[in-house]
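Text of the file structure-v7.cif, holding mmCIF, C-alpha atoms:
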data_work
#
loop_
_atom_site.group_PDB
_atom_site.id
_atom_site.type_symbol
_atom_site.label_atom_id
_atom_site.label_comp_id
_atom_site.auth_asym_id
_atom_site.auth_seq_id
_atom_site.Cartn_x
_atom_site.Cartn_y
_atom_site.Cartn_z
ATOM 1 C CA VAL Q 190 18.033 -9.920 16.519
ATOM 2 C CA PHE Q 191 20.220 -6.808 16.549
ATOM 3 C CA LEU Q 192 19.453 -4.543 19.526
ATOM 4 C CA CYS Q 193 20.066 -0.838 18.991
ATOM 5 C CA ASP Q 194 19.335 2.631 20.306
ATOM 6 C CA SER Q 195 16.057 3.686 18.665
ATOM 7 C CA GLY Q 196 13.620 3.104 15.845
ATOM 8 C CA SER Q 197 15.552 5.317 13.433
ATOM 9 C CA VAL Q 198 18.740 3.434 14.201
ATOM 10 C CA SER Q 199 16.963 0.116 13.621
ATOM 11 C CA VAL Q 200 16.201 1.359 10.091
ATOM 12 C CA GLU Q 201 19.859 2.307 9.609
ATOM 13 C CA VAL Q 202 20.859 -1.199 10.690
ATOM 14 C CA ALA Q 203 18.273 -2.768 8.361
ATOM 15 C CA ILE Q 204 19.678 -0.802 5.426
ATOM 16 C CA LYS Q 205 23.225 -1.829 6.337
ATOM 17 C CA MET Q 206 22.127 -5.461 6.645
ATOM 18 C CA SER Q 207 20.612 -5.409 3.147
ATOM 19 C CA LEU Q 208 23.726 -3.831 1.618
ATOM 20 C CA GLN Q 209 26.152 -6.124 3.416
ATOM 21 C CA TYR Q 210 24.050 -9.173 2.565
ATOM 22 C CA TRP Q 211 24.676 -8.665 -1.151
ATOM 23 C CA ARG Q 212 28.289 -7.549 -0.807
ATOM 24 C CA ALA Q 213 29.102 -10.557 1.356
ATOM 25 C CA ARG Q 214 27.817 -12.726 -1.492
ATOM 26 C CA GLY Q 215 30.099 -10.955 -3.940
ATOM 27 C CA ILE Q 216 27.289 -8.966 -5.598
ATOM 28 C CA ALA Q 217 28.358 -5.311 -5.477
ATOM 29 C CA GLY Q 218 25.739 -3.728 -7.761
ATOM 30 C CA ARG Q 219 22.709 -3.963 -5.469
ATOM 31 C CA THR Q 220 23.181 -0.701 -3.568
ATOM 32 C CA ARG Q 221 19.877 1.159 -3.954
ATOM 33 C CA LEU Q 222 16.594 0.940 -2.110
ATOM 34 C CA LEU Q 223 13.059 0.945 -3.448
ATOM 35 C CA THR Q 224 10.238 2.393 -1.401
ATOM 36 C CA VAL Q 225 6.915 4.222 -1.779
ATOM 37 C CA ARG Q 226 5.913 7.853 -1.524
ATOM 38 C CA GLY Q 227 4.180 8.969 1.638
ATOM 39 C CA GLY Q 228 6.519 6.966 3.853
ATOM 40 C CA TYR Q 229 8.354 7.964 7.001
ATOM 41 C CA HIS Q 230 11.226 5.964 8.505
ATOM 42 C CA GLY Q 231 13.096 8.244 10.889
ATOM 43 C CA ASP Q 232 15.398 11.221 11.330
ATOM 44 C CA THR Q 233 18.851 9.724 10.738
ATOM 45 C CA PHE Q 234 20.494 10.028 7.318
ATOM 46 C CA GLY Q 235 19.833 6.581 5.904
ATOM 47 C CA ALA Q 236 16.259 6.673 7.186
ATOM 48 C CA MET Q 237 15.625 10.183 5.821
ATOM 49 C CA ALA Q 238 16.708 9.017 2.371
ATOM 50 C CA VAL Q 239 13.727 6.626 2.172
ATOM 51 C CA CYS Q 240 11.165 9.111 3.526
ATOM 52 C CA ASP Q 241 8.928 10.893 1.003
ATOM 53 C CA PRO Q 242 11.336 13.010 -1.116
ATOM 54 C CA VAL Q 243 8.757 15.695 -1.977
ATOM 55 C CA ASN Q 244 6.289 16.081 0.872
ATOM 56 C CA GLY Q 245 8.306 14.535 3.700
ATOM 57 C CA MET Q 246 9.344 16.673 6.670
ATOM 58 C CA HIS Q 247 13.023 16.472 5.650
ATOM 59 C CA ALA Q 248 12.559 17.100 1.924
ATOM 60 C CA GLN Q 249 13.165 20.844 1.818
ATOM 61 C CA MET Q 250 16.132 20.999 4.171
ATOM 62 C CA PHE Q 251 18.039 17.959 2.893
ATOM 63 C CA SER Q 252 17.104 17.877 -0.796
ATOM 64 C CA GLY Q 253 20.167 17.134 -2.921
ATOM 65 C CA VAL Q 254 22.184 15.861 0.037
ATOM 66 C CA LEU Q 255 20.631 12.462 0.702
ATOM 67 C CA PRO Q 256 21.316 9.314 -1.345
ATOM 68 C CA GLN Q 257 18.967 8.982 -4.316
ATOM 69 C CA HIS Q 258 16.695 5.956 -4.109
ATOM 70 C CA LEU Q 259 13.676 4.756 -6.107
ATOM 71 C CA PHE Q 260 10.113 5.762 -5.210
ATOM 72 C CA ALA Q 261 6.876 4.136 -6.336
ATOM 73 C CA PRO Q 262 3.459 5.797 -5.833
ATOM 74 C CA CYS Q 263 1.760 5.721 -2.426
ATOM 75 C CA PRO Q 264 0.188 2.345 -1.651
ATOM 76 C CA ALA Q 265 -3.409 2.033 -2.785
ATOM 77 C CA PRO Q 266 -6.226 1.174 -2.356
ATOM 78 C CA SER Q 267 -7.410 1.748 1.218
ATOM 79 C CA PHE Q 268 -7.613 -0.991 3.845
ATOM 80 C CA ASP Q 269 -11.083 -2.378 3.003
ATOM 81 C CA GLU Q 270 -10.915 -1.949 -0.767
ATOM 82 C CA GLU Q 271 -9.962 -4.509 -3.390
ATOM 83 C CA CYS Q 272 -6.370 -4.391 -4.616
ATOM 84 C CA THR Q 273 -5.642 -5.360 -8.209
ATOM 85 C CA GLU Q 274 -2.475 -5.827 -10.231
ATOM 86 C CA ALA Q 275 -2.866 -2.265 -11.518
ATOM 87 C CA HIS Q 276 -2.293 -0.899 -8.018
ATOM 88 C CA THR Q 277 1.215 -2.362 -7.881
ATOM 89 C CA SER Q 278 2.088 -2.050 -11.584
ATOM 90 C CA GLU Q 279 4.409 0.961 -11.202
ATOM 91 C CA LEU Q 280 6.191 -0.580 -8.228
ATOM 92 C CA ALA Q 281 6.552 -3.822 -10.192
ATOM 93 C CA ARG Q 282 7.954 -1.926 -13.172
ATOM 94 C CA LEU Q 283 10.556 -0.160 -11.045
ATOM 95 C CA LEU Q 284 11.543 -3.360 -9.295
ATOM 96 C CA HIS Q 285 11.947 -5.356 -12.509
ATOM 97 C CA GLU Q 286 13.774 -2.542 -14.349
ATOM 98 C CA HIS Q 287 16.199 -1.999 -11.477
ATOM 99 C CA GLU Q 288 16.326 -5.577 -10.213
ATOM 100 C CA HIS Q 289 20.111 -5.721 -10.290
ATOM 101 C CA GLU Q 290 20.499 -2.373 -8.486
ATOM 102 C CA VAL Q 291 17.960 -2.792 -5.663
ATOM 103 C CA ALA Q 292 19.209 -4.309 -2.434
ATOM 104 C CA ALA Q 293 15.879 -4.107 -0.619
ATOM 105 C CA LEU Q 294 12.369 -2.754 -0.735
ATOM 106 C CA ILE Q 295 11.386 -0.909 2.458
ATOM 107 C CA LEU Q 296 7.951 0.239 3.541
ATOM 108 C CA GLU Q 297 5.624 0.558 6.522
ATOM 109 C CA PRO Q 298 3.167 -2.351 6.608
ATOM 110 C CA ILE Q 299 -0.558 -1.458 6.272
ATOM 111 C CA VAL Q 300 -0.234 1.968 7.966
ATOM 112 C CA GLN Q 301 1.848 4.851 6.638
ATOM 113 C CA GLY Q 302 2.423 6.810 9.838
ATOM 114 C CA ALA Q 303 3.927 10.296 9.971
ATOM 115 C CA GLY Q 304 3.801 10.503 6.178
ATOM 116 C CA GLY Q 305 0.007 10.742 6.174
ATOM 117 C CA MET Q 306 -1.617 8.163 8.473
ATOM 118 C CA ARG Q 307 -2.897 6.198 5.485
ATOM 119 C CA PHE Q 308 -4.269 2.655 5.879
ATOM 120 C CA TYR Q 309 -3.768 0.522 2.780
ATOM 121 C CA SER Q 310 -4.927 -2.889 1.576
ATOM 122 C CA PRO Q 311 -3.333 -6.057 3.000
ATOM 123 C CA GLU Q 312 -3.486 -7.472 -0.525
ATOM 124 C CA TYR Q 313 -1.089 -4.727 -1.641
ATOM 125 C CA LEU Q 314 1.429 -5.982 0.921
ATOM 126 C CA ARG Q 315 0.941 -9.583 -0.244
ATOM 127 C CA ARG Q 316 1.657 -8.497 -3.808
ATOM 128 C CA VAL Q 317 4.806 -6.684 -2.638
ATOM 129 C CA ARG Q 318 6.027 -9.859 -0.923
ATOM 130 C CA THR Q 319 5.433 -11.820 -4.151
ATOM 131 C CA LEU Q 320 7.310 -9.254 -6.242
ATOM 132 C CA CYS Q 321 10.276 -9.379 -3.870
ATOM 133 C CA ASP Q 322 10.309 -13.172 -4.048
ATOM 134 C CA GLU Q 323 10.212 -13.082 -7.862
ATOM 135 C CA THR Q 324 13.202 -10.733 -8.079
ATOM 136 C CA GLY Q 325 15.187 -12.023 -5.106
ATOM 137 C CA THR Q 326 14.872 -8.615 -3.428
ATOM 138 C CA LEU Q 327 14.962 -8.348 0.360
ATOM 139 C CA LEU Q 328 11.810 -6.971 1.993
ATOM 140 C CA ILE Q 329 12.263 -4.634 4.974
ATOM 141 C CA LEU Q 330 9.149 -3.820 6.998
ATOM 142 C CA ASP Q 331 9.265 -0.807 9.296
ATOM 143 C CA CYS Q 332 6.973 -1.865 12.160
ATOM 144 C CA ILE Q 333 8.172 0.835 14.558
ATOM 145 C CA ALA Q 334 4.830 2.666 14.771
ATOM 146 C CA THR Q 335 2.527 -0.304 14.196
ATOM 147 C CA GLY Q 336 4.221 -3.056 16.189
ATOM 148 C CA PHE Q 337 3.010 -4.661 19.404
ATOM 149 C CA GLY Q 338 -0.722 -4.618 18.736
ATOM 150 C CA ARG Q 339 -1.403 -1.095 17.505
ATOM 151 C CA THR Q 340 -3.418 -2.168 14.421
ATOM 152 C CA GLY Q 341 -5.219 -5.070 16.122
ATOM 153 C CA LYS Q 342 -2.561 -7.577 15.124
ATOM 154 C CA LEU Q 343 0.663 -8.043 17.079
ATOM 155 C CA PHE Q 344 2.512 -6.863 13.969
ATOM 156 C CA ALA Q 345 0.707 -5.133 11.091
ATOM 157 C CA CYS Q 346 2.085 -7.514 8.447
ATOM 158 C CA GLU Q 347 -0.093 -10.236 10.005
ATOM 159 C CA HIS Q 348 -3.093 -8.567 8.322
ATOM 160 C CA ALA Q 349 -1.547 -9.745 5.045
ATOM 161 C CA GLY Q 350 -0.329 -13.094 6.349
ATOM 162 C CA ILE Q 351 3.262 -12.423 5.269
ATOM 163 C CA SER Q 352 6.616 -11.951 6.960
ATOM 164 C CA PRO Q 353 9.580 -9.806 5.882
ATOM 165 C CA ASP Q 354 13.237 -10.638 5.498
ATOM 166 C CA ILE Q 355 14.108 -7.796 7.892
ATOM 167 C CA MET Q 356 11.849 -6.108 10.441
ATOM 168 C CA CYS Q 357 12.383 -2.882 12.404
ATOM 169 C CA VAL Q 358 10.758 -2.357 15.802
ATOM 170 C CA GLY Q 359 10.948 0.355 18.450
ATOM 171 C CA LYS Q 360 8.537 2.705 20.276
ATOM 172 C CA ALA Q 361 6.264 0.231 22.106
ATOM 173 C CA LEU Q 362 9.184 -2.181 22.500
ATOM 174 C CA THR Q 363 9.870 -0.482 25.826
ATOM 175 C CA GLY Q 364 6.393 0.934 26.376
ATOM 176 C CA GLY Q 365 7.804 4.408 25.787
ATOM 177 C CA TYR Q 366 9.858 4.370 28.975
ATOM 178 C CA MET Q 367 13.322 4.159 27.431
ATOM 179 C CA THR Q 368 14.864 4.559 24.037
ATOM 180 C CA MET Q 369 15.499 1.208 22.348
ATOM 181 C CA GLY Q 370 15.004 -0.428 18.978
ATOM 182 C CA ALA Q 371 15.687 -3.757 17.346
ATOM 183 C CA THR Q 372 16.309 -5.056 13.851
ATOM 184 C CA LEU Q 373 15.130 -8.607 13.277
ATOM 185 C CA ALA Q 374 16.236 -10.714 10.319
ATOM 186 C CA THR Q 375 15.742 -14.192 8.942
ATOM 187 C CA THR Q 376 18.539 -16.681 9.539
ATOM 188 C CA GLN Q 377 19.560 -16.417 5.886
ATOM 189 C CA VAL Q 378 19.885 -12.633 6.002
ATOM 190 C CA ALA Q 379 21.522 -12.597 9.440
ATOM 191 C CA ASP Q 380 24.109 -15.164 8.383
ATOM 192 C CA GLY Q 381 24.748 -13.384 5.099
ATOM 193 C CA ALA Q 382 24.983 -9.876 6.560
ATOM 194 C CA SER Q 383 27.361 -11.137 9.252
ATOM 195 C CA GLY Q 384 29.743 -12.631 6.742
ATOM 196 C CA GLY Q 385 28.601 -16.176 7.384
ATOM 197 C CA ARG Q 386 26.572 -18.417 5.079
ATOM 198 C CA ASP Q 387 27.299 -18.057 1.322
ATOM 199 C CA ALA Q 388 29.715 -15.193 2.020
ATOM 200 C CA THR Q 389 32.617 -14.588 -0.325
ATOM 201 C CA SER Q 390 33.670 -11.556 1.754
ATOM 202 C CA PRO Q 391 33.215 -12.502 5.438
ATOM 203 C CA ILE Q 392 32.915 -9.090 7.127
ATOM 204 C CA PRO Q 393 30.866 -8.727 10.346
ATOM 205 C CA LEU Q 394 27.897 -6.366 10.362
ATOM 206 C CA MET Q 395 29.406 -2.897 10.503
ATOM 207 C CA HIS Q 396 27.391 -1.350 13.302
ATOM 208 C CA GLY Q 397 28.116 -1.188 17.029
ATOM 209 C CA PRO Q 398 26.392 1.538 19.064
ATOM 210 C CA THR Q 399 27.875 2.159 22.501
ATOM 211 C CA PHE Q 400 24.564 1.717 24.315
ATOM 212 C CA MET Q 401 23.073 -1.100 22.250
ATOM 213 C CA ALA Q 402 21.455 -3.751 24.444
ATOM 214 C CA ASN Q 403 22.207 -1.843 27.632
ATOM 215 C CA PRO Q 404 20.827 -3.811 30.615
ATOM 216 C CA LEU Q 405 18.359 -1.165 31.788
ATOM 217 C CA ALA Q 406 16.677 -0.777 28.388
ATOM 218 C CA CYS Q 407 16.573 -4.566 27.946
ATOM 219 C CA ALA Q 408 14.968 -5.016 31.369
ATOM 220 C CA VAL Q 409 12.330 -2.418 30.516
ATOM 221 C CA ALA Q 410 11.677 -4.052 27.121
ATOM 222 C CA ASN Q 411 11.286 -7.486 28.700
ATOM 223 C CA ALA Q 412 8.853 -6.102 31.277
ATOM 224 C CA SER Q 413 6.857 -4.226 28.639
ATOM 225 C CA ILE Q 414 6.545 -7.238 26.324
ATOM 226 C CA GLU Q 415 5.646 -9.556 29.188
ATOM 227 C CA LEU Q 416 2.981 -7.109 30.389
ATOM 228 C CA LEU Q 417 1.519 -6.799 26.897
ATOM 229 C CA LEU Q 418 1.422 -10.513 26.089
ATOM 230 C CA SER Q 419 -0.033 -11.441 29.484
ATOM 231 C CA SER Q 420 -2.841 -8.900 29.111
ATOM 232 C CA PRO Q 421 -6.088 -9.119 27.065
ATOM 233 C CA TRP Q 422 -4.598 -6.627 24.608
ATOM 234 C CA GLU Q 423 -6.584 -7.893 21.606
ATOM 235 C CA THR Q 424 -9.881 -7.361 23.425
ATOM 236 C CA ARG Q 425 -8.762 -3.933 24.594
ATOM 237 C CA VAL Q 426 -7.668 -2.828 21.118
ATOM 238 C CA ALA Q 427 -10.929 -4.084 19.608
ATOM 239 C CA ALA Q 428 -12.912 -2.071 22.186
ATOM 240 C CA ILE Q 429 -10.851 1.065 21.505
ATOM 241 C CA SER Q 430 -11.337 0.580 17.768
ATOM 242 C CA GLU Q 431 -15.112 0.257 18.138
ATOM 243 C CA GLN Q 432 -15.332 3.351 20.353
ATOM 244 C CA LEU Q 433 -13.142 5.440 18.049
ATOM 245 C CA SER Q 434 -15.269 4.425 15.052
ATOM 246 C CA ARG Q 435 -18.511 5.213 16.837
ATOM 247 C CA GLU Q 436 -17.506 8.526 18.373
ATOM 248 C CA LEU Q 437 -15.528 9.960 15.445
ATOM 249 C CA ARG Q 438 -18.147 8.961 12.860
ATOM 250 C CA GLN Q 439 -20.009 12.262 13.319
ATOM 251 C CA CYS Q 440 -16.924 14.153 12.099
ATOM 252 C CA ALA Q 441 -17.376 12.681 8.631
ATOM 253 C CA ASP Q 442 -20.541 14.783 8.165
ATOM 254 C CA SER Q 443 -18.565 18.033 8.376
ATOM 255 C CA ALA Q 444 -17.817 19.920 5.170
ATOM 256 C CA ALA Q 445 -14.357 20.624 6.591
ATOM 257 C CA VAL Q 446 -13.443 16.925 6.812
ATOM 258 C CA ALA Q 447 -11.937 14.921 3.965
ATOM 259 C CA ASP Q 448 -11.961 11.520 5.690
ATOM 260 C CA VAL Q 449 -12.345 9.723 9.000
ATOM 261 C CA ARG Q 450 -10.583 6.391 9.405
ATOM 262 C CA VAL Q 451 -9.918 3.946 12.210
ATOM 263 C CA LEU Q 452 -7.763 0.833 12.370
ATOM 264 C CA GLY Q 453 -7.114 -0.896 15.663
ATOM 265 C CA ALA Q 454 -6.126 1.711 18.242
ATOM 266 C CA ILE Q 455 -5.527 4.455 15.666
ATOM 267 C CA GLY Q 456 -8.112 7.131 14.955
ATOM 268 C CA VAL Q 457 -7.598 9.739 12.245
ATOM 269 C CA VAL Q 458 -9.602 12.772 11.166
ATOM 270 C CA GLU Q 459 -8.220 14.194 7.925
ATOM 271 C CA MET Q 460 -9.261 17.781 7.272
ATOM 272 C CA LYS Q 461 -9.508 19.478 3.885
ATOM 273 C CA GLU Q 462 -7.349 22.385 5.021
ATOM 274 C CA THR Q 463 -4.118 22.515 7.022
ATOM 275 C CA LEU Q 464 -4.685 22.768 10.754
ATOM 276 C CA ASP Q 465 -3.332 25.646 12.827
ATOM 277 C CA THR Q 466 -1.433 23.650 15.449
ATOM 278 C CA GLN Q 467 -1.421 26.382 18.110
ATOM 279 C CA ARG Q 468 -5.147 27.040 17.838
ATOM 280 C CA VAL Q 469 -6.017 23.365 17.744
ATOM 281 C CA GLN Q 470 -3.933 22.548 20.809
ATOM 282 C CA ALA Q 471 -5.362 25.552 22.694
ATOM 283 C CA LEU Q 472 -8.871 24.253 21.996
ATOM 284 C CA LEU Q 473 -7.976 20.673 22.914
ATOM 285 C CA THR Q 474 -6.535 21.712 26.265
ATOM 286 C CA ARG Q 475 -9.942 23.111 27.212
ATOM 287 C CA TYR Q 476 -11.124 19.507 27.017
ATOM 288 C CA GLY Q 477 -8.164 18.279 29.035
ATOM 289 C CA VAL Q 478 -6.666 16.687 25.920
ATOM 290 C CA TRP Q 479 -3.191 16.955 24.371
ATOM 291 C CA LEU Q 480 -2.747 15.783 20.781
ATOM 292 C CA ARG Q 481 -0.176 16.680 18.155
ATOM 293 C CA PRO Q 482 -1.856 17.506 14.841
ATOM 294 C CA PHE Q 483 0.299 17.803 11.745
ATOM 295 C CA GLY Q 484 -0.640 19.100 8.333
ATOM 296 C CA ARG Q 485 -4.286 18.273 7.726
ATOM 297 C CA LEU Q 486 -4.318 15.402 10.210
ATOM 298 C CA LEU Q 487 -5.768 15.207 13.696
ATOM 299 C CA TYR Q 488 -5.143 11.760 15.110
ATOM 300 C CA THR Q 489 -4.922 9.725 18.290
ATOM 301 C CA MET Q 490 -3.080 6.519 19.173
ATOM 302 C CA PRO Q 491 -4.317 5.918 22.748
ATOM 303 C CA PRO Q 492 -2.671 3.535 25.208
ATOM 304 C CA PHE Q 493 -4.382 0.161 25.380
ATOM 305 C CA VAL Q 494 -5.203 0.672 29.081
ATOM 306 C CA MET Q 495 -7.100 3.915 28.497
ATOM 307 C CA SER Q 496 -10.580 3.817 30.031
ATOM 308 C CA PRO Q 497 -13.697 4.406 27.881
ATOM 309 C CA ASP Q 498 -14.357 7.658 29.758
ATOM 310 C CA ASP Q 499 -10.868 8.978 29.068
ATOM 311 C CA LEU Q 500 -11.092 7.974 25.418
ATOM 312 C CA ALA Q 501 -14.472 9.720 25.148
ATOM 313 C CA GLN Q 502 -12.764 12.865 26.439
ATOM 314 C CA VAL Q 503 -10.178 12.585 23.635
ATOM 315 C CA THR Q 504 -12.789 12.060 20.902
ATOM 316 C CA SER Q 505 -14.885 14.929 22.291
ATOM 317 C CA GLY Q 506 -11.895 17.205 21.898
ATOM 318 C CA MET Q 507 -11.312 15.998 18.343
ATOM 319 C CA CYS Q 508 -14.966 16.591 17.437
ATOM 320 C CA ALA Q 509 -14.712 20.087 18.927
ATOM 321 C CA VAL Q 510 -11.801 20.863 16.618
ATOM 322 C CA VAL Q 511 -13.912 19.772 13.651
ATOM 323 C CA ARG Q 512 -16.869 21.907 14.765
ATOM 324 C CA ALA Q 513 -14.587 24.916 15.124
ATOM 325 C CA ALA Q 514 -13.354 24.430 11.571
ATOM 326 C CA THR Q 515 -16.807 24.107 10.039
#
Kindly transcribe the structure held in the file into structure tokens.
Amino acid sequence: VFLCDSGSVSVEVAIKMSLQYWRARGIAGRTRLLTVRGGYHGDTFGAMAVCDPVNGMHAQMFSGVLPQHLFAPCPAPSFDEECTEAHTSELARLLHEHEHEVAALILEPIVQGAGGMRFYSPEYLRRVRTLCDETGTLLILDCIATGFGRTGKLFACEHAGISPDIMCVGKALTGGYMTMGATLATTQVADGASGGRDATSPIPLMHGPTFMANPLACAVANASIELLLSSPWETRVAAISEQLSRELRQCADSAAVADVRVLGAIGVVEMKETLDTQRVQALLTRYGVWLRPFGRLLYTMPPFVMSPDDLAQVTSGMCAVVRAAT
């Protein structure tokens, strides 16, 4: 476990781990990353380089400056649909063609967050794990947005029954009270990246933030995790999921809505047209609700302790936005 300053920094550390893992073993050619379109991994340079290079929030400003990595199509199909070999064929092609260049494959498990709030099939993630195993490629899972119960599982990769070689966590790690992230790795990767096992070039992991593992953030993280694991969080998330599904269902009947989807404590209304953020937030505040829409998406990720009445207030505001757009 490598404790660091934030979720974005945990992605930077994960990338460094994957690069140092291969270099420590005397394999210098594996320096690129493979990921999927529609992803979002943070605002720091290494993280920006594996966000969507066309539609991502950083694409216009930093195009031509960031390292050039490999991008497969967005994960498909959706969460409840069957996934076949055809859905991962392009990713498989890229991975096999560039096997000796790719240090790691990085993606968000099951839920693509700020890149589009898409929920994809657990079978897709299982196939990704298999492809990484076949090519000896490290698998990095960015669980920053989905970790600690958000999707109904403690970590979203549990929907697929797989585990990564490197995992990034943040956000709910401290319950939102302090900035902190962590990069977790298997013993093999941790030893390799630290210049230990199988290393021909024993160099320690080249990252050392001043405030990593500061006592206050660690105390908050311990308290947050203890509070979560000692609570009936699974029951609470299931209840939130059922209420979101029930109360947002009516939005799907609107001609202005492209899709309504719910997974765990995440509710998303995808519009057909881009939302006017100022107008939407002005309308929501009349309902006593504050949400941050982006693009065509109006979504909520409520705290697990939110009462049914408070959640109903949120969904009422979201439905009002849909009615205003119809």
### Message
I need the output of the PyMOL selection byres ((chain Q and resi 452-467) around 6) for this file as a list in words; which residues are they?
### Response
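Here the PyMOL selection byres ((chain Q and resi 452-467) around 6) matches Arg339, Thr340, Gly341, Val426, Ile429, Ser430, Ala445, Val446, Ala447, Asp448, Val449, Arg450, Val451, Arg468, Val469, Gln470, Gly484, Arg485, Leu486, Leu487, Tyr488, Thr489 and Met490 of chain Q.
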How about saving the chosen residues, C-alpha atoms kept, as an mmCIF file, in the coordinates of the input?
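Listing of out02.cif after writing:
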data_model
loop_
_atom_site.group_PDB
_atom_site.id
_atom_site.type_symbol
_atom_site.label_atom_id
_atom_site.label_comp_id
_atom_site.auth_asym_id
_atom_site.auth_seq_id
_atom_site.Cartn_x
_atom_site.Cartn_y
_atom_site.Cartn_z
ATOM 1 C CA ARG Q 339 -1.403 -1.095 17.505
ATOM 2 C CA THR Q 340 -3.418 -2.168 14.421
ATOM 3 C CA GLY Q 341 -5.219 -5.070 16.122
ATOM 4 C CA VAL Q 426 -7.668 -2.828 21.118
ATOM 5 C CA ILE Q 429 -10.851 1.065 21.505
ATOM 6 C CA SER Q 430 -11.337 0.580 17.768
ATOM 7 C CA ALA Q 445 -14.357 20.624 6.591
ATOM 8 C CA VAL Q 446 -13.443 16.925 6.812
ATOM 9 C CA ALA Q 447 -11.937 14.921 3.965
ATOM 10 C CA ASP Q 448 -11.961 11.520 5.690
ATOM 11 C CA VAL Q 449 -12.345 9.723 9.000
ATOM 12 C CA ARG Q 450 -10.583 6.391 9.405
ATOM 13 C CA VAL Q 451 -9.918 3.946 12.210
ATOM 14 C CA ARG Q 468 -5.147 27.040 17.838
ATOM 15 C CA VAL Q 469 -6.017 23.365 17.744
ATOM 16 C CA GLN Q 470 -3.933 22.548 20.809
ATOM 17 C CA GLY Q 484 -0.640 19.100 8.333
ATOM 18 C CA ARG Q 485 -4.286 18.273 7.726
ATOM 19 C CA LEU Q 486 -4.318 15.402 10.210
ATOM 20 C CA LEU Q 487 -5.768 15.207 13.696
ATOM 21 C CA TYR Q 488 -5.143 11.760 15.110
ATOM 22 C CA THR Q 489 -4.922 9.725 18.290
ATOM 23 C CA MET Q 490 -3.080 6.519 19.173
#
### Separation of CA of His230 (chain Q) from CA of Pro404 (chain Q) in Å
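Computing it gives 26.0 Å between the two atoms.
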### Task
Mind checking which residues fall within 12 Å of Phe191 (chain Q), counting all atoms listed in the file, ignoring those fewer than 6 positions away in the same chain, and posting them as a PyMOL selection string?
chain Q and resi 198-203+205-206+355-359+369-375+379+382-383+394-398+401-402
Saved selection, atoms kept: C-alpha atoms, as a PDB file, in the frame of the given file:
ATOM      1  CA  VAL Q 198      18.740   3.434  14.201  1.00  0.00           C
ATOM      2  CA  SER Q 199      16.963   0.116  13.621  1.00  0.00           C
ATOM      3  CA  VAL Q 200      16.201   1.359  10.091  1.00  0.00           C
ATOM      4  CA  GLU Q 201      19.859   2.307   9.609  1.00  0.00           C
ATOM      5  CA  VAL Q 202      20.859  -1.199  10.690  1.00  0.00           C
ATOM      6  CA  ALA Q 203      18.273  -2.768   8.361  1.00  0.00           C
ATOM      7  CA  LYS Q 205      23.225  -1.829   6.337  1.00  0.00           C
ATOM      8  CA  MET Q 206      22.127  -5.461   6.645  1.00  0.00           C
ATOM      9  CA  ILE Q 355      14.108  -7.796   7.892  1.00  0.00           C
ATOM     10  CA  MET Q 356      11.849  -6.108  10.441  1.00  0.00           C
ATOM     11  CA  CYS Q 357      12.383  -2.882  12.404  1.00  0.00           C
ATOM     12  CA  VAL Q 358      10.758  -2.357  15.802  1.00  0.00           C
ATOM     13  CA  GLY Q 359      10.948   0.355  18.450  1.00  0.00           C
ATOM     14  CA  MET Q 369      15.499   1.208  22.348  1.00  0.00           C
ATOM     15  CA  GLY Q 370      15.004  -0.428  18.978  1.00  0.00           C
ATOM     16  CA  ALA Q 371      15.687  -3.757  17.346  1.00  0.00           C
ATOM     17  CA  THR Q 372      16.309  -5.056  13.851  1.00  0.00           C
ATOM     18  CA  LEU Q 373      15.130  -8.607  13.277  1.00  0.00           C
ATOM     19  CA  ALA Q 374      16.236 -10.714  10.319  1.00  0.00           C
ATOM     20  CA  THR Q 375      15.742 -14.192   8.942  1.00  0.00           C
ATOM     21  CA  ALA Q 379      21.522 -12.597   9.440  1.00  0.00           C
ATOM     22  CA  ALA Q 382      24.983  -9.876   6.560  1.00  0.00           C
ATOM     23  CA  SER Q 383      27.361 -11.137   9.252  1.00  0.00           C
ATOM     24  CA  LEU Q 394      27.897  -6.366  10.362  1.00  0.00           C
ATOM     25  CA  MET Q 395      29.406  -2.897  10.503  1.00  0.00           C
ATOM     26  CA  HIS Q 396      27.391  -1.350  13.302  1.00  0.00           C
ATOM     27  CA  GLY Q 397      28.116  -1.188  17.029  1.00  0.00           C
ATOM     28  CA  PRO Q 398      26.392   1.538  19.064  1.00  0.00           C
ATOM     29  CA  MET Q 401      23.073  -1.100  22.250  1.00  0.00           C
ATOM     30  CA  ALA Q 402      21.455  -3.751  24.444  1.00  0.00           C
TER      31      ALA Q 402
END
### Message
Which residue is closest to Leu433 (chain Q)? Choose from Q:Leu472, Q:Met367, Q:Ala501, Q:Leu417 and count only C-alpha atoms.
### Response
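Distance minimum relative to Leu433 (chain Q) lands on Q:Ala501.
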#### Entry: Closest of Q:Thr326, Q:Glu431, Q:Leu437, Q:Asp331 to Tyr210 (chain Q) - atom-to-atom distances counting all atoms listed in the file
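That would be Q:Thr326, the residue with the smallest distance to Tyr210 (chain Q).
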Quick one: which residues end up in the PyMOL selection byres ((chain Q and resi 263) around 7) for this structure, as a short mmCIF file (atom, residue, chain, number, x, y, z; two decimals) with C-alpha atoms, in the coordinates of the input?
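Dumped to part-v8.cif:
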data_model
loop_
_atom_site.label_atom_id
_atom_site.label_comp_id
_atom_site.auth_asym_id
_atom_site.auth_seq_id
_atom_site.Cartn_x
_atom_site.Cartn_y
_atom_site.Cartn_z
CA VAL Q 225 6.92 4.22 -1.78
CA ARG Q 226 5.91 7.85 -1.52
CA GLY Q 227 4.18 8.97 1.64
CA ALA Q 261 6.88 4.14 -6.34
CA PRO Q 262 3.46 5.80 -5.83
CA PRO Q 264 0.19 2.35 -1.65
CA ALA Q 265 -3.41 2.03 -2.78
#
